[in-house]
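A short write-up of the structure that comes next.
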Amino acid sequence: MKRIGILTGGGDAAGMNTAVRAVVRTAHGLGAETIGIRKGWRGLAEGTTMELCPRRVSGILHQGGTILQTFRYPEFATDEGTAPVAKTLEKLKLDGMIIIGGDGSFRGGTKLIKEFGLPVVGVPATIDNDIPGTDISIGFDTALNIAIDAVDKIRDTATSHGRIFVIEVMGREYGLLAAQTAIATGAEEVLLPEIPFDLDDVCRNISEGYRRGKEHAIIIVAEGAGKASYISYEIKDRLKRSVRMVVLGHVQRGGSPSGYDRILASRLGHRATEMLFEGKHGLMVGVVANKFKTSSLDKKTKAPAKSVLRDARLMEILV
Ligand code: F6P
C-alpha cells in the first residue's frame with residue numbers, strides 16, 4: 001500500500017474531518033501517502049484531488065463539515081457516469097481507498113471493488129445513524145446534542161407562553177435521531193416513521209397533559225414521519241390552541257464534533273486504514289458493544305427498526 005485515496009460522501013457529518021485526519025496520519029505512519037478526492041463522488045469523476053500530508057490535516061479535527069467536500073453523483077450508476085471515474089482511477093494509481101459516508105457511498109464503494117478491483121474500506125458517517133453493522137455512526141452524537149440544545153431552548157419559550165411546539169428532526173426514513181431527542185428532552189410526544197400514529201390520539205394526550213397541569217407540549221417529529229407544518233396545522237385546528245413549529249434542518253449537520261464523535265472518528269479512521277494494510281477490504285468497520293466490528297460493504301440493507309422501537313417504548317414509559 002503506497003497510495004491511498006480518501007473520499008467523503010453523502011450528507012456531511014460532524015467528525016468526518018476527524019476521520020480524514022486519522023486516516024492520513026495512520027497511513028503516513030505505515031509509509032503510505034494519501035490523496036484526498038475533493039467533492040465526493042463527483043470529484044472522483046472530475047479528477048479533483050488534493051494532497052493530504054500530516055501537516056495539511058492539522059487543525060481540522062474540531063472543524064464541522066468536510067474539508068474534502070461531498071457532492072452527490074448519481075451518474076455513477078450509469079455507464080456514461082462510470083467512464084470518467086475509470087479515467088481518474090487510472091491516473092491516480094491508488095492501491096486502496098477509504099470511503100467515509102453512508103449507505104449510498106458504500107454502494108459506490110462496492111462498485112469500485114467489483115468493477116475496478118480497488119480495495120475499499122468503509123467508515124460509517126451520517127447523522128441518521130441508519131447503517132446496519134454499527135451501533136453508531138460518526139455525526140449522530142453531535143446532531144443529537146444540537147437537537148437537544150435546540151429543544152431545551154424552545155421549551156423555555158413554550159412554557160412561558162403555554163404553547164404547543166412541533167419540532168421536526170432530520171433522519172431521513174429512520175426515526176432514531178428523533179426518538180433519542182425526545183427521550184433526552186422529556187418531550188410529550190414523538191412521531192416516528194416506524195410507528196403508525198393518529199393525530200386525534202396525539203391531541204387527546206396533549207389535552208390530558210394540560211389538564212394535569214402541564215405548561216407546554218413538545219412534539220418531536222421525525223422528518224420521515226411527516227412535515228411539522230402539516231402536523232402543527234392539524235393540531236391547531238383540532239385543539240384551538242397556540243401552536244408553533246420549528247424545523248431544525250441542516251443546523252443539525254454543522255458545528256464542531258462532540259467529544260464522543262471525535263473519539264469515534266479517530267478510532268474508526270485509524271482502524272479502517274490498518275485494515276487496508278492488513279488486506280481486509282470490501283468491509284465497513286463499525287462499533288458494536290464498544291468493540292470494532294466489520295461487516296460486508298455490499299450487504300447494507302435497511303437499518304433495523306428495533307433500536308427505534310426500543311427507544312420509543314422508553315420514551316412512552318418516562319413521559
Ligand atoms: O442523510 C443525512 C441527511 O441530513 C438526512 O437526515 C436528511 O434527510 C438529508 O440528509 C438531507 O439531505 P440534503 O442535505 O441533500 O438536503
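Scheme for the C-alpha cells: letters A, B, ... for chains in order shown; per-chain residue numbers from 1; ligand numbers from 1 in order shown.
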
Within 8 Å of ligand 1, which residues of chain A come that close, and what is the closest atom pair and distance in Å for each? Count only C-alpha atoms and all ligand atoms and give it as JSON lines.
```
{"residue": "A:Gly10", "atom": "CA", "partner": "ligand 1", "partner_atom_place_in_ligand_line": "1 (O)", "distance": 6.7}
{"residue": "A:Gly11", "atom": "CA", "partner": "ligand 1", "partner_atom_place_in_ligand_line": "2 (C)", "distance": 4.7}
{"residue": "A:Asp12", "atom": "CA", "partner": "ligand 1", "partner_atom_place_in_ligand_line": "2 (C)", "distance": 7.2}
{"residue": "A:Ala13", "atom": "CA", "partner": "ligand 1", "partner_atom_place_in_ligand_line": "2 (C)", "distance": 7.8}
{"residue": "A:Gly102", "atom": "CA", "partner": "ligand 1", "partner_atom_place_in_ligand_line": "1 (O)", "distance": 7.5}
{"residue": "A:Thr126", "atom": "CA", "partner": "ligand 1", "partner_atom_place_in_ligand_line": "2 (C)", "distance": 5.8}
{"residue": "A:Ile127", "atom": "CA", "partner": "ligand 1", "partner_atom_place_in_ligand_line": "2 (C)", "distance": 5.7}
{"residue": "A:Asp128", "atom": "CA", "partner": "ligand 1", "partner_atom_place_in_ligand_line": "6 (O)", "distance": 5.4}
{"residue": "A:Val169", "atom": "CA", "partner": "ligand 1", "partner_atom_place_in_ligand_line": "6 (O)", "distance": 8.0}
{"residue": "A:Met170", "atom": "CA", "partner": "ligand 1", "partner_atom_place_in_ligand_line": "6 (O)", "distance": 4.2}
{"residue": "A:Gly171", "atom": "CA", "partner": "ligand 1", "partner_atom_place_in_ligand_line": "6 (O)", "distance": 3.6}
{"residue": "A:Arg172", "atom": "CA", "partner": "ligand 1", "partner_atom_place_in_ligand_line": "8 (O)", "distance": 3.8}
{"residue": "A:Glu173", "atom": "CA", "partner": "ligand 1", "partner_atom_place_in_ligand_line": "8 (O)", "distance": 7.5}
{"residue": "A:Glu223", "atom": "CA", "partner": "ligand 1", "partner_atom_place_in_ligand_line": "8 (O)", "distance": 7.1}
{"residue": "A:Gly224", "atom": "CA", "partner": "ligand 1", "partner_atom_place_in_ligand_line": "8 (O)", "distance": 8.0}
{"residue": "A:Gly249", "atom": "CA", "partner": "ligand 1", "partner_atom_place_in_ligand_line": "4 (O)", "distance": 7.6}
{"residue": "A:His250", "atom": "CA", "partner": "ligand 1", "partner_atom_place_in_ligand_line": "4 (O)", "distance": 6.6}
{"residue": "A:Gln252", "atom": "CA", "partner": "ligand 1", "partner_atom_place_in_ligand_line": "4 (O)", "distance": 7.7}
{"residue": "A:Arg253", "atom": "CA", "partner": "ligand 1", "partner_atom_place_in_ligand_line": "4 (O)", "distance": 6.4}
```

With all heavy atoms retained, write the just-selected residues as a tab-separated table (two decimals), in the first residue's frame.
```tsv
chain	number	residue	atom	x	y	z
A	10	GLY	N	-22.11	11.45	0.62
A	10	GLY	CA	-23.43	11.60	1.26
A	10	GLY	C	-23.52	12.94	1.98
A	10	GLY	O	-22.73	13.86	1.73
A	11	GLY	N	-24.46	13.05	2.91
A	11	GLY	CA	-24.59	14.28	3.69
A	11	GLY	C	-23.39	14.41	4.63
A	11	GLY	O	-22.92	13.42	5.19
A	12	ASP	N	-22.87	15.62	4.79
A	12	ASP	CA	-21.73	15.77	5.70
A	12	ASP	C	-22.16	15.46	7.13
A	12	ASP	O	-23.35	15.54	7.46
A	12	ASP	CB	-21.08	17.16	5.57
A	12	ASP	CG	-22.04	18.29	5.92
A	12	ASP	OD1	-23.24	18.04	6.06
A	12	ASP	OD2	-21.57	19.44	6.05
A	13	ALA	N	-21.20	15.10	7.95
A	13	ALA	CA	-21.49	14.75	9.35
A	13	ALA	C	-20.31	15.21	10.18
A	13	ALA	O	-19.15	15.02	9.77
A	13	ALA	CB	-21.68	13.24	9.48
A	102	GLY	N	-22.29	7.19	4.15
A	102	GLY	CA	-23.42	6.35	4.50
A	102	GLY	C	-23.66	5.25	3.46
A	102	GLY	O	-22.77	4.94	2.66
A	126	THR	N	-22.86	9.37	9.23
A	126	THR	CA	-24.12	10.02	8.86
A	126	THR	C	-24.87	10.38	10.15
A	126	THR	O	-24.86	9.59	11.10
A	126	THR	CB	-25.04	9.15	7.98
A	126	THR	OG1	-26.37	9.68	8.05
A	126	THR	CG2	-25.11	7.70	8.41
A	127	ILE	N	-25.50	11.55	10.14
A	127	ILE	CA	-26.24	11.92	11.35
A	127	ILE	C	-27.46	11.02	11.56
A	127	ILE	O	-28.04	11.01	12.63
A	127	ILE	CB	-26.69	13.41	11.32
A	127	ILE	CG1	-27.76	13.65	10.26
A	127	ILE	CG2	-25.50	14.34	11.16
A	127	ILE	CD1	-28.55	14.92	10.50
A	128	ASP	N	-27.86	10.28	10.52
A	128	ASP	CA	-29.08	9.46	10.62
A	128	ASP	C	-28.86	8.20	11.47
A	128	ASP	O	-29.82	7.63	11.99
A	128	ASP	CB	-29.56	9.04	9.23
A	128	ASP	CG	-29.84	10.23	8.34
A	128	ASP	OD1	-30.06	11.34	8.88
A	128	ASP	OD2	-29.82	10.07	7.10
A	169	VAL	N	-37.19	16.93	13.25
A	169	VAL	CA	-35.80	16.50	13.38
A	169	VAL	C	-35.43	15.68	12.14
A	169	VAL	O	-36.25	14.93	11.62
A	169	VAL	CB	-35.67	15.64	14.68
A	169	VAL	CG1	-34.34	14.96	14.78
A	169	VAL	CG2	-35.93	16.50	15.91
A	170	MET	N	-34.18	15.81	11.68
A	170	MET	CA	-33.74	15.06	10.49
A	170	MET	C	-33.65	13.55	10.76
A	170	MET	O	-33.91	13.11	11.89
A	170	MET	CB	-32.39	15.58	10.04
A	170	MET	CG	-32.46	16.73	9.06
A	170	MET	SD	-30.84	17.03	8.37
A	170	MET	CE	-31.24	18.25	7.14
A	171	GLY	N	-33.23	12.81	9.80
A	171	GLY	CA	-33.05	11.37	9.98
A	171	GLY	C	-33.50	10.57	8.76
A	171	GLY	O	-33.52	9.35	8.81
A	172	ARG	N	-33.88	11.26	7.72
A	172	ARG	CA	-34.40	10.62	6.50
A	172	ARG	C	-35.55	9.68	6.85
A	172	ARG	O	-36.47	10.09	7.53
A	172	ARG	CB	-33.27	9.89	5.78
A	172	ARG	CG	-33.34	9.97	4.28
A	172	ARG	CD	-32.17	9.27	3.65
A	172	ARG	NE	-31.02	10.11	3.52
A	172	ARG	CZ	-30.81	10.98	2.53
A	172	ARG	NH1	-31.66	11.09	1.56
A	172	ARG	NH2	-29.73	11.72	2.50
A	173	GLU	N	-35.49	8.41	6.47
A	173	GLU	CA	-36.60	7.48	6.75
A	173	GLU	C	-36.46	6.78	8.10
A	173	GLU	O	-37.22	5.87	8.41
A	173	GLU	CB	-36.66	6.41	5.64
A	173	GLU	CG	-37.07	6.94	4.29
A	173	GLU	CD	-38.40	7.70	4.37
A	173	GLU	OE1	-39.36	7.19	4.96
A	173	GLU	OE2	-38.44	8.83	3.84
A	223	GLU	N	-38.44	13.55	10.45
A	223	GLU	CA	-38.81	14.03	9.11
A	223	GLU	C	-39.46	12.94	8.26
A	223	GLU	O	-40.29	13.23	7.40
A	223	GLU	CB	-37.62	14.66	8.39
A	223	GLU	CG	-36.53	13.68	8.02
A	223	GLU	CD	-35.45	14.30	7.14
A	223	GLU	OE1	-35.72	15.28	6.43
A	223	GLU	OE2	-34.32	13.77	7.16
A	224	GLY	N	-39.12	11.68	8.55
A	224	GLY	CA	-39.71	10.59	7.78
A	224	GLY	C	-41.14	10.29	8.19
A	224	GLY	O	-41.84	9.49	7.55
A	249	GLY	N	-33.67	21.13	10.69
A	249	GLY	CA	-32.97	21.08	9.41
A	249	GLY	C	-31.47	20.93	9.50
A	249	GLY	O	-30.94	20.24	10.37
A	250	HIS	N	-30.78	21.65	8.60
A	250	HIS	CA	-29.33	21.43	8.43
A	250	HIS	C	-28.49	21.96	9.59
A	250	HIS	O	-27.29	21.67	9.64
A	250	HIS	CB	-28.87	22.03	7.11
A	250	HIS	CG	-29.37	21.26	5.93
A	250	HIS	ND1	-30.65	21.41	5.45
A	250	HIS	CD2	-28.78	20.31	5.16
A	250	HIS	CE1	-30.83	20.59	4.44
A	250	HIS	NE2	-29.73	19.91	4.24
A	252	GLN	N	-28.52	20.75	12.30
A	252	GLN	CA	-28.08	19.51	12.96
A	252	GLN	C	-26.83	18.92	12.32
A	252	GLN	O	-26.20	18.03	12.87
A	252	GLN	CB	-29.19	18.45	12.88
A	252	GLN	CG	-30.38	18.79	13.71
A	252	GLN	CD	-31.62	18.07	13.18
A	252	GLN	OE1	-32.05	17.10	13.75
A	252	GLN	NE2	-32.16	18.55	12.08
A	253	ARG	N	-26.52	19.37	11.11
A	253	ARG	CA	-25.37	18.78	10.41
A	253	ARG	C	-24.07	19.54	10.65
A	253	ARG	O	-22.99	19.04	10.35
A	253	ARG	CB	-25.68	18.73	8.92
A	253	ARG	CG	-26.67	17.68	8.53
A	253	ARG	CD	-26.12	16.75	7.48
A	253	ARG	NE	-25.78	17.41	6.25
A	253	ARG	CZ	-26.51	17.35	5.14
A	253	ARG	NH1	-27.64	16.68	5.12
A	253	ARG	NH2	-26.10	17.94	4.06
```

Can you pull out the residues contacting Thr134 of chain A? Cut-off 9 Å, using only C-alpha atoms, and skip same-chain residues under 3 positions away; I want them as an mmCIF file with N, CA and C atoms, in the first residue's frame.
```cif
data_model
loop_
_atom_site.group_PDB
_atom_site.id
_atom_site.type_symbol
_atom_site.label_atom_id
_atom_site.label_comp_id
_atom_site.auth_asym_id
_atom_site.auth_seq_id
_atom_site.Cartn_x
_atom_site.Cartn_y
_atom_site.Cartn_z
ATOM 1 N N PRO A 124 -18.449 4.376 8.653
ATOM 2 C CA PRO A 124 -19.824 4.900 8.694
ATOM 3 C C PRO A 124 -19.901 6.319 9.265
ATOM 4 N N ASN A 129 -27.631 7.753 11.587
ATOM 5 C CA ASN A 129 -27.296 6.504 12.300
ATOM 6 C C ASN A 129 -28.146 5.337 11.789
ATOM 7 N N ASP A 130 -28.245 5.235 10.483
ATOM 8 C CA ASP A 130 -29.118 4.223 9.877
ATOM 9 C C ASP A 130 -28.327 3.170 9.111
ATOM 10 N N ILE A 131 -27.069 2.934 9.522
ATOM 11 C CA ILE A 131 -26.249 1.967 8.790
ATOM 12 C C ILE A 131 -26.164 0.664 9.579
ATOM 13 N N SER A 137 -22.943 5.796 14.112
ATOM 14 C CA SER A 137 -22.148 6.340 13.010
ATOM 15 C C SER A 137 -21.616 7.716 13.412
ATOM 16 N N MET A 284 -16.891 -2.672 5.895
ATOM 17 C CA MET A 284 -17.067 -1.449 6.671
ATOM 18 C C MET A 284 -16.617 -1.781 8.090
ATOM 19 N N VAL A 285 -15.961 -0.827 8.736
ATOM 20 C CA VAL A 285 -15.650 -1.057 10.160
ATOM 21 C C VAL A 285 -16.560 -0.169 11.005
ATOM 22 N N GLY A 286 -17.266 -0.827 11.938
ATOM 23 C CA GLY A 286 -18.156 -0.103 12.836
ATOM 24 C C GLY A 286 -17.824 -0.456 14.274
ATOM 25 N N VAL A 287 -18.715 -0.071 15.160
ATOM 26 C CA VAL A 287 -18.532 -0.392 16.578
ATOM 27 C C VAL A 287 -19.810 -1.062 17.073
ATOM 28 N N VAL A 288 -19.668 -2.263 17.621
ATOM 29 C CA VAL A 288 -20.818 -2.948 18.213
ATOM 30 C C VAL A 288 -20.424 -3.355 19.633
ATOM 31 N N ALA A 289 -21.264 -2.987 20.596
ATOM 32 C CA ALA A 289 -20.980 -3.247 22.014
ATOM 33 C C ALA A 289 -19.561 -2.797 22.370
ATOM 34 N N PHE A 292 -14.688 -2.989 17.858
ATOM 35 C CA PHE A 292 -14.720 -2.886 16.394
ATOM 36 C C PHE A 292 -15.445 -4.091 15.828
ATOM 37 N N LYS A 293 -16.229 -3.834 14.791
ATOM 38 C CA LYS A 293 -16.943 -4.954 14.165
ATOM 39 C C LYS A 293 -16.929 -4.673 12.658
ATOM 40 N N THR A 294 -16.567 -5.676 11.869
ATOM 41 C CA THR A 294 -16.576 -5.451 10.424
ATOM 42 C C THR A 294 -17.799 -6.125 9.814
ATOM 43 N N SER A 295 -18.270 -5.526 8.739
ATOM 44 C CA SER A 295 -19.392 -6.132 8.017
ATOM 45 C C SER A 295 -19.175 -5.857 6.533
#
```

Task: Non-local contacts of Val57 of chain A (9 Å; only C-alpha atoms; under 3 positions in same chain excluded) as a PyMOL selection string - done: chain A and resi 17-18+20-22+24-25+52-54+60-61

Let's have the selection written as a JSON list (two decimals), in the first residue's frame, with all heavy atoms.
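Dumped everything to selection.json:
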```
[["chain", "number", "residue", "atom", "x", "y", "z"],
["A", 17, "ASN", "N", -14.02, 15.24, 9.30],
["A", 17, "ASN", "CA", -12.65, 15.75, 9.24],
["A", 17, "ASN", "C", -11.73, 15.02, 10.22],
["A", 17, "ASN", "O", -10.57, 14.76, 9.92],
["A", 17, "ASN", "CB", -12.63, 17.25, 9.57],
["A", 17, "ASN", "CG", -13.10, 18.08, 8.40],
["A", 17, "ASN", "OD1", -12.90, 17.71, 7.23],
["A", 17, "ASN", "ND2", -13.73, 19.21, 8.68],
["A", 18, "THR", "N", -12.29, 14.70, 11.38],
["A", 18, "THR", "CA", -11.50, 13.97, 12.38],
["A", 18, "THR", "C", -11.09, 12.61, 11.81],
["A", 18, "THR", "O", -9.95, 12.15, 12.00],
["A", 18, "THR", "CB", -12.35, 13.75, 13.66],
["A", 18, "THR", "OG1", -13.10, 14.93, 13.91],
["A", 18, "THR", "CG2", -11.50, 13.40, 14.84],
["A", 20, "VAL", "N", -10.79, 11.87, 8.58],
["A", 20, "VAL", "CA", -9.81, 12.10, 7.50],
["A", 20, "VAL", "C", -8.41, 12.25, 8.12],
["A", 20, "VAL", "O", -7.43, 11.64, 7.68],
["A", 20, "VAL", "CB", -10.18, 13.38, 6.69],
["A", 20, "VAL", "CG1", -9.02, 13.80, 5.78],
["A", 20, "VAL", "CG2", -11.45, 13.14, 5.87],
["A", 21, "ARG", "N", -8.35, 13.04, 9.18],
["A", 21, "ARG", "CA", -7.06, 13.25, 9.87],
["A", 21, "ARG", "C", -6.47, 11.91, 10.36],
["A", 21, "ARG", "O", -5.28, 11.65, 10.19],
["A", 21, "ARG", "CB", -7.28, 14.19, 11.05],
["A", 21, "ARG", "CG", -6.09, 14.38, 11.96],
["A", 21, "ARG", "CD", -6.48, 15.34, 13.07],
["A", 21, "ARG", "NE", -5.44, 15.53, 14.07],
["A", 21, "ARG", "CZ", -5.28, 14.76, 15.13],
["A", 21, "ARG", "NH1", -6.09, 13.72, 15.33],
["A", 21, "ARG", "NH2", -4.33, 15.02, 16.01],
["A", 22, "ALA", "N", -7.34, 11.08, 10.94],
["A", 22, "ALA", "CA", -6.87, 9.79, 11.47],
["A", 22, "ALA", "C", -6.35, 8.90, 10.34],
["A", 22, "ALA", "O", -5.33, 8.22, 10.49],
["A", 22, "ALA", "CB", -8.00, 9.10, 12.23],
["A", 24, "VAL", "N", -5.14, 9.89, 7.37],
["A", 24, "VAL", "CA", -3.90, 10.45, 6.80],
["A", 24, "VAL", "C", -2.71, 10.13, 7.72],
["A", 24, "VAL", "O", -1.66, 9.67, 7.25],
["A", 24, "VAL", "CB", -4.04, 11.98, 6.61],
["A", 24, "VAL", "CG1", -2.70, 12.60, 6.24],
["A", 24, "VAL", "CG2", -5.08, 12.27, 5.54],
["A", 25, "ARG", "N", -2.91, 10.33, 9.00],
["A", 25, "ARG", "CA", -1.77, 10.16, 9.91],
["A", 25, "ARG", "C", -1.43, 8.69, 10.12],
["A", 25, "ARG", "O", -0.26, 8.33, 10.27],
["A", 25, "ARG", "CB", -2.05, 10.88, 11.23],
["A", 25, "ARG", "CG", -2.15, 12.38, 10.96],
["A", 25, "ARG", "CD", -1.91, 13.24, 12.15],
["A", 25, "ARG", "NE", -1.71, 14.61, 11.72],
["A", 25, "ARG", "CZ", -1.72, 15.66, 12.51],
["A", 25, "ARG", "NH1", -1.90, 15.50, 13.79],
["A", 25, "ARG", "NH2", -1.51, 16.87, 12.03],
["A", 52, "LEU", "N", -2.87, 15.21, 0.82],
["A", 52, "LEU", "CA", -3.20, 15.23, 2.25],
["A", 52, "LEU", "C", -2.03, 14.70, 3.07],
["A", 52, "LEU", "O", -1.97, 13.51, 3.35],
["A", 52, "LEU", "CB", -4.44, 14.38, 2.52],
["A", 52, "LEU", "CG", -5.79, 14.94, 2.10],
["A", 52, "LEU", "CD1", -6.88, 13.90, 2.35],
["A", 52, "LEU", "CD2", -6.12, 16.23, 2.82],
["A", 53, "CYS", "N", -1.10, 15.59, 3.39],
["A", 53, "CYS", "CA", 0.02, 15.14, 4.23],
["A", 53, "CYS", "C", -0.36, 15.39, 5.70],
["A", 53, "CYS", "O", -1.33, 16.10, 5.97],
["A", 53, "CYS", "CB", 1.28, 15.90, 3.86],
["A", 53, "CYS", "SG", 1.10, 17.67, 4.13],
["A", 54, "PRO", "N", 0.36, 14.81, 6.65],
["A", 54, "PRO", "CA", 0.01, 15.00, 8.07],
["A", 54, "PRO", "C", -0.13, 16.48, 8.45],
["A", 54, "PRO", "O", -0.98, 16.84, 9.24],
["A", 54, "PRO", "CB", 1.17, 14.33, 8.80],
["A", 54, "PRO", "CG", 1.63, 13.28, 7.87],
["A", 54, "PRO", "CD", 1.46, 13.83, 6.49],
["A", 60, "ILE", "N", -7.84, 20.44, 11.73],
["A", 60, "ILE", "CA", -9.17, 20.14, 11.17],
["A", 60, "ILE", "C", -10.00, 19.24, 12.09],
["A", 60, "ILE", "O", -11.20, 19.08, 11.88],
["A", 60, "ILE", "CB", -9.10, 19.47, 9.76],
["A", 60, "ILE", "CG1", -8.49, 18.06, 9.84],
["A", 60, "ILE", "CG2", -8.32, 20.34, 8.79],
["A", 60, "ILE", "CD1", -8.72, 17.25, 8.56],
["A", 61, "LEU", "N", -9.35, 18.65, 13.08],
["A", 61, "LEU", "CA", -10.03, 17.67, 13.95],
["A", 61, "LEU", "C", -11.36, 18.19, 14.49],
["A", 61, "LEU", "O", -12.35, 17.47, 14.55],
["A", 61, "LEU", "CB", -9.07, 17.33, 15.09],
["A", 61, "LEU", "CG", -9.46, 16.32, 16.13],
["A", 61, "LEU", "CD1", -8.21, 15.65, 16.68],
["A", 61, "LEU", "CD2", -10.25, 16.90, 17.28]]
```

Which residues of segment 94-190 of chain A come within 7 Å of segment 299-309 of chain A, and for each one, what is the closest pair of atoms and their distance in Å to one decimal, counting only C-alpha atoms, sorted by chain and residue number, as JSON lines?
```
{"residue": "A:Asp103", "atom": "CA", "partner": "A:Lys300", "partner_atom": "CA", "distance": 6.5}
{"residue": "A:Asp130", "atom": "CA", "partner": "A:Ala303", "partner_atom": "CA", "distance": 4.9}
{"residue": "A:Ile131", "atom": "CA", "partner": "A:Ala303", "partner_atom": "CA", "distance": 5.5}
{"residue": "A:Pro132", "atom": "CA", "partner": "A:Ala303", "partner_atom": "CA", "distance": 5.1}
{"residue": "A:Gly175", "atom": "CA", "partner": "A:Val308", "partner_atom": "CA", "distance": 6.2}
{"residue": "A:Leu176", "atom": "CA", "partner": "A:Val308", "partner_atom": "CA", "distance": 5.1}
{"residue": "A:Ala179", "atom": "CA", "partner": "A:Val308", "partner_atom": "CA", "distance": 6.6}
```

Open item on the list: For segment 141-154 of chain A, find every residue with an atom within 7 Å (counting only C-alpha atoms), except residues of its own chain fewer than 6 positions away, and show them as a ChimeraX atom specification.
Closed with: /A:14,127,177,181,184-185,252-253,257-258,260-261

- [ ] Find the residue from A:Lys214, A:Arg107, A:His62, A:Arg262 that sits nearest to Leu283 of chain A; use only C-alpha atoms when measuring.
- [x] A:Arg107

TODO: Pick out each residue of segment 77-292 of chain A that DSSP on the backbone tags as strand (DSSP E); I need them as an MDAnalysis selection string.
DONE: chainID A and resid 96:101 120:124 164:169 189:191 217:222 243:247 283:288 291:292

Just to be explicit: take each residue in the selection above, keep N, CA and C atoms, and write the result as a short mmCIF file (atom, residue, chain, number, x, y, z; two decimals), in the first residue's frame.
```
data_model
loop_
_atom_site.label_atom_id
_atom_site.label_comp_id
_atom_site.auth_asym_id
_atom_site.auth_seq_id
_atom_site.Cartn_x
_atom_site.Cartn_y
_atom_site.Cartn_z
N GLY A 96 -5.56 1.62 -2.71
CA GLY A 96 -6.73 1.37 -1.86
C GLY A 96 -7.48 2.66 -1.62
N MET A 97 -8.66 2.53 -1.04
CA MET A 97 -9.47 3.73 -0.84
C MET A 97 -10.26 3.58 0.47
N ILE A 98 -10.33 4.68 1.22
CA ILE A 98 -11.19 4.73 2.41
C ILE A 98 -12.37 5.61 2.06
N ILE A 99 -13.57 5.09 2.25
CA ILE A 99 -14.78 5.86 1.96
C ILE A 99 -15.50 6.16 3.27
N ILE A 100 -15.68 7.44 3.53
CA ILE A 100 -16.32 7.88 4.77
C ILE A 100 -17.71 8.41 4.41
N GLY A 101 -18.76 7.70 4.82
CA GLY A 101 -20.10 8.16 4.44
C GLY A 101 -21.17 7.18 4.87
N VAL A 120 -11.31 -1.44 -0.93
CA VAL A 120 -12.02 -0.33 -0.29
C VAL A 120 -12.40 -0.73 1.14
N VAL A 121 -12.25 0.21 2.07
CA VAL A 121 -12.80 0.03 3.42
C VAL A 121 -13.72 1.21 3.72
N GLY A 122 -14.88 0.93 4.29
CA GLY A 122 -15.87 1.97 4.59
C GLY A 122 -15.84 2.38 6.05
N VAL A 123 -16.07 3.67 6.28
CA VAL A 123 -16.21 4.21 7.64
C VAL A 123 -17.58 4.86 7.73
N PRO A 124 -18.45 4.38 8.65
CA PRO A 124 -19.82 4.90 8.69
C PRO A 124 -19.90 6.32 9.26
N ILE A 164 -47.90 24.85 22.42
CA ILE A 164 -47.53 23.55 21.85
C ILE A 164 -46.49 23.83 20.77
N PHE A 165 -45.40 23.06 20.79
CA PHE A 165 -44.39 23.19 19.72
C PHE A 165 -44.23 21.86 19.00
N VAL A 166 -44.23 21.94 17.69
CA VAL A 166 -43.95 20.75 16.87
C VAL A 166 -42.55 20.98 16.28
N ILE A 167 -41.63 20.08 16.60
CA ILE A 167 -40.23 20.28 16.20
C ILE A 167 -39.79 19.11 15.29
N GLU A 168 -39.42 19.48 14.07
CA GLU A 168 -39.04 18.44 13.10
C GLU A 168 -37.53 18.20 13.14
N VAL A 169 -37.19 16.93 13.25
CA VAL A 169 -35.80 16.50 13.38
C VAL A 169 -35.43 15.68 12.14
N GLU A 189 -44.50 14.07 23.18
CA GLU A 189 -44.86 13.12 22.12
C GLU A 189 -43.71 12.99 21.14
N VAL A 190 -43.63 11.82 20.50
CA VAL A 190 -42.69 11.69 19.39
C VAL A 190 -43.40 10.94 18.26
N LEU A 191 -43.26 11.45 17.04
CA LEU A 191 -43.89 10.81 15.88
C LEU A 191 -42.78 10.25 14.99
N ALA A 217 -46.45 21.69 25.53
CA ALA A 217 -46.35 20.35 24.94
C ALA A 217 -45.31 20.41 23.83
N ILE A 218 -44.32 19.54 23.94
CA ILE A 218 -43.28 19.46 22.91
C ILE A 218 -43.51 18.16 22.13
N ILE A 219 -43.68 18.33 20.85
CA ILE A 219 -43.88 17.15 19.99
C ILE A 219 -42.70 17.07 19.01
N ILE A 220 -41.95 16.00 19.10
CA ILE A 220 -40.82 15.81 18.18
C ILE A 220 -41.33 14.97 17.00
N VAL A 221 -41.07 15.46 15.79
CA VAL A 221 -41.48 14.73 14.59
C VAL A 221 -40.24 14.34 13.80
N ALA A 222 -40.09 13.06 13.53
CA ALA A 222 -39.01 12.63 12.63
C ALA A 222 -39.40 13.05 11.22
N VAL A 243 -50.11 27.04 18.59
CA VAL A 243 -49.14 26.02 18.18
C VAL A 243 -48.06 26.68 17.32
N ARG A 244 -46.81 26.37 17.54
CA ARG A 244 -45.71 26.86 16.70
C ARG A 244 -44.92 25.66 16.21
N MET A 245 -44.24 25.86 15.09
CA MET A 245 -43.41 24.74 14.62
C MET A 245 -42.00 25.22 14.27
N VAL A 246 -41.06 24.31 14.43
CA VAL A 246 -39.65 24.60 14.12
C VAL A 246 -39.10 23.40 13.35
N VAL A 247 -38.44 23.70 12.23
CA VAL A 247 -37.74 22.63 11.50
C VAL A 247 -36.25 22.81 11.79
N LEU A 283 -15.01 -4.20 3.20
CA LEU A 283 -15.68 -4.20 4.51
C LEU A 283 -15.92 -2.78 5.03
N MET A 284 -16.89 -2.67 5.90
CA MET A 284 -17.07 -1.45 6.67
C MET A 284 -16.62 -1.78 8.09
N VAL A 285 -15.96 -0.83 8.74
CA VAL A 285 -15.65 -1.06 10.16
C VAL A 285 -16.56 -0.17 11.00
N GLY A 286 -17.27 -0.83 11.94
CA GLY A 286 -18.16 -0.10 12.84
C GLY A 286 -17.82 -0.46 14.27
N VAL A 287 -18.72 -0.07 15.16
CA VAL A 287 -18.53 -0.39 16.58
C VAL A 287 -19.81 -1.06 17.07
N VAL A 288 -19.67 -2.26 17.62
CA VAL A 288 -20.82 -2.95 18.21
C VAL A 288 -20.42 -3.36 19.63
N LYS A 291 -16.91 -2.58 20.65
CA LYS A 291 -15.76 -3.26 20.03
C LYS A 291 -15.84 -3.03 18.53
N PHE A 292 -14.69 -2.99 17.86
CA PHE A 292 -14.72 -2.89 16.39
C PHE A 292 -15.44 -4.09 15.83
#
```

Within 6 Å of segment 63-68 of chain A, which residues of segment 183-296 of chain A show up? Give each one with its shortest atom-to-atom distance in Å (one decimal) and the two atoms involved, counting only C-alpha atoms, rows by chain then rising residue number, as CSV.
```
residue,atom,partner,partner_atom,distance
A:Gly254,CA,A:Gly64,CA,5.6
A:Gly255,CA,A:Gly64,CA,4.7
A:Ser256,CA,A:Gly64,CA,4.7
```

Open item on the list: Going by DSSP on the backbone, which residues of segment 203-319 of chain A come out as helix (DSSP H, G or I)? List them as an MDAnalysis selection string.
Closed with: chainID A and resid 203:211 223:225 228:239 249:253 259:277 297:299 306:318
